[in-house]
Structure formats: C-alpha cells, structure tokens
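Working notes, structure below.
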Amino acid sequence: MSLNRSRWFVTLIYTLLFVIGVVLYFKLPFENLVYKLLVIDVVLTVLIAIVGLLVKNDSMYDPYWSLIPFLMLIYWIDASHVQEFNARIFIMITLVSWWSWRLTYNWIRGWKGIKHEDWRYVDLRKKTKSFYPLVSFLGIQLFPTLIVFAACLPMESVFMSTEALNLTDIIGGMLMLTGILLEIFADIQMHQFRINPDNKGNIINIGLWKYSRHPNYLGEILFWWGVYGLSLATHPPAYYISGAVTVSLLFLFISIPMMEKRMKNKIGFAEYKKLTPVLIPWKLFGKRK
C-alpha cells in the first residue's frame, strides 16, 4: 500500500472510531460520565488494537494518544451544557486542541506507511514471540490509554468550574503552552536533522537538543502537569493528579530508558550523554546536570 493510501486508510479508521465513540456516548446507559468515557475509551482501544492485529502493525494505535484527548474535549463540552465559556475553559479547549492536532500532524509527517512499525514494537515482537499479541494490547495500547484517560480527568473540573481565573490557572496555562512550544521546536529541529543524509548515524546536539537529551518528552510532561494545574482552582479530587504523575513516570522509566538504550551505540553518544542533561536543561540555569 502506498504512503498516500496508507494515510487515507488511517484517516478512515479514525473517522470510524470517532463516529463509534459519539454513538456510544449517546447510547450507553451510564449516569456517571467519567465511567461512560472510560468504557468508550477502552472499547475504542480494543477496536484499534484489532485493526493493528489485522494489518500486523501496532503503530496504528500511535495517533490515538494525541487524538483521544480532543474527543474528550468534545464530550465535556456537550456534557457541561456551558452557555458561555469562561477563560479557564477557553484556555483548556484552545491548548488541548492545538496540542492534539499538532502532535497528530507530527506523527503523520514521520509515518512511512502501513508497512512502517515503530522500532519499539518490532523489538518487543521479537522478544515476546507468541505472547506478543497479549503483551502488545496490555502494554502498548491499554496501558497508555488508561494513562491518558487519567491525565484528561482534570477536564471535568475545568468544564464544571465557575471560579474566577487566578494564579494557578495562569501557571497551568503557561506550563501547557511551554510544553507545546518545546515539542514543536524539538520536533522541527529533529526533522531538519534527520532529512540531512550527512547526519545518518549521528546524535542530534543542536537547538534544544543541545541542552536536553529529550526536550520533546520534557514538553509532554510539562503539558500534562499544566492540564492538572489548570484545574487546581476548582478544587479537583485528589486522585486527579494521578494522570500527570503516571505520564511523568512513563517517560522517566520507560520511554527515556528505551531511547537511551537505542542511542548508546551511535557516534558521539557517550560524550553527548556526559555533557547534556537527560531531561531538565540545567545548563540554561547555570547548573551542571
């Protein structure tokens, strides 16, 4: 299948998922919207997992991470019955939408077609062999789905809020914006680095990557802490912090170690690792890592 057809295929699949999600939203007999959204989220994850199984490519799930929060926004807009958006809601809608569509675009730009599967899934397939379908569903799809669902929970408090905008909202919004901008510039710099054939096999150490080995992951972590921060003025349930915490743990203990292991044999990585902090750009603040 050509790249163009692959993109249309993915677009069709996710359009169908969106339609199914909307139908379930109106048909499921749950009074508690959080429970209803959780069921919808899991059902859609199962469906995209089945598609991945059929086409033998679990990268079909990858856009789900960035698209499902946008769908959550639509659900909460309808459920809150807000006649007029306050500043807090406006910030949440604007920044989550921007984050969602930008990250999805970045995935599309880097995706090479239906035959291209994320190297992490390929490695996992080799290691787990016959257990791969189960490991894939639980670890690659369901686990991230539950993490993002938890990270989206603060949306409920924001959409139900009537409190005036305050300092915590400004801090939360700034964290979200900073996270988005970090990801944008990090991804642009990485894209420009990769398209230069002279850089093949080398480590990127320019721009943001000069100060952090994983500025894109730092941006993602900041974004989700910002989502939680934007809800603080509404006095959300204590467990709503779990999303930001688990996103942070995911990157710190799974994503970053996997990337570091992959990069360790590249030219100059040992020196790069010695000079550049793993996540927080301490050198910008005059500190060593």
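Every chain in the structure tokens takes a letter, A first, then B, and so on in the order presented; its residues are numbered from 1, and the ligands are numbered from 1 following the presented order.
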request  = Mind checking which residues fall within 12 Å of A:Met259, counting only C-alpha atoms, ignoring those fewer than 2 positions away in the same chain, and posting them as a list of chain:residue names?
outcome  = A:Trp119, A:Arg120, A:Ile203, A:Arg213, A:His214, A:Tyr217, A:Phe251, A:Leu252, A:Phe253, A:Ile254, A:Ser255, A:Ile256, A:Pro257, A:Lys261, A:Arg262, A:Met263, A:Lys264, A:Asn265, A:Lys266, A:Phe269, A:Val278
Write out, as JSON lines, each residue of stretch 140-242 of chain A that has an atom at most 10 Å from stretch 281-284 of chain A, together with the closest pair of atoms and their distance in Å to one decimal, counting only C-alpha atoms, rows going by chain and rising number.
{"residue": "A:Leu208", "atom": "CA", "partner": "A:Pro281", "partner_atom": "CA", "distance": 8.6}
{"residue": "A:Trp209", "atom": "CA", "partner": "A:Pro281", "partner_atom": "CA", "distance": 9.2}
{"residue": "A:Lys210", "atom": "CA", "partner": "A:Pro281", "partner_atom": "CA", "distance": 8.7}
{"residue": "A:Tyr211", "atom": "CA", "partner": "A:Pro281", "partner_atom": "CA", "distance": 4.9}
{"residue": "A:Ser212", "atom": "CA", "partner": "A:Pro281", "partner_atom": "CA", "distance": 5.1}
{"residue": "A:Arg213", "atom": "CA", "partner": "A:Pro281", "partner_atom": "CA", "distance": 8.7}
{"residue": "A:His214", "atom": "CA", "partner": "A:Pro281", "partner_atom": "CA", "distance": 9.6}
{"residue": "A:Pro215", "atom": "CA", "partner": "A:Pro281", "partner_atom": "CA", "distance": 8.3}
{"residue": "A:Leu218", "atom": "CA", "partner": "A:Pro281", "partner_atom": "CA", "distance": 9.5}
Restricted to C-alpha atoms, what would the selected residues look like written as a short mmCIF file (atom, residue, chain, number, x, y, z; two decimals), in the first residue's frame?
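In the end it all went to result_20.cif:
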data_model
loop_
_atom_site.label_atom_id
_atom_site.label_comp_id
_atom_site.auth_asym_id
_atom_site.auth_seq_id
_atom_site.Cartn_x
_atom_site.Cartn_y
_atom_site.Cartn_z
CA LEU A 208 17.00 22.37 22.28
CA TRP A 209 18.78 19.03 21.95
CA LYS A 210 22.00 20.74 22.99
CA TYR A 211 20.52 21.37 26.44
CA SER A 212 18.34 18.29 26.96
CA ARG A 213 18.62 14.79 25.53
CA HIS A 214 14.82 14.53 25.42
CA PRO A 215 13.28 18.03 25.11
CA LEU A 218 10.04 17.28 28.72
#
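Proximity to A:His191 was assessed for A:Arg102, A:Lys36, A:Arg109, A:Arg88 counting only C-alpha atoms; the smallest distance is recorded for A:Arg109.
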request  = May I have the residues within 7 Å of stretch 69-72 of chain A as number ranges by chain, using only C-alpha atoms and disregarding those fewer than 6 positions away in the same chain?
outcome  = A: 96-97, 100, 152
Can I get the selection written as an mmCIF file, in the first residue's frame, with C-alpha atoms?
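This went into result-v4.cif:
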data_model
loop_
_atom_site.group_PDB
_atom_site.id
_atom_site.type_symbol
_atom_site.label_atom_id
_atom_site.label_comp_id
_atom_site.auth_asym_id
_atom_site.auth_seq_id
_atom_site.Cartn_x
_atom_site.Cartn_y
_atom_site.Cartn_z
ATOM 1 C CA VAL A 96 -5.517 20.850 24.207
ATOM 2 C CA SER A 97 -6.798 21.230 20.624
ATOM 3 C CA SER A 100 -3.698 17.300 19.807
ATOM 4 C CA CYS A 152 -7.633 14.030 30.970
#
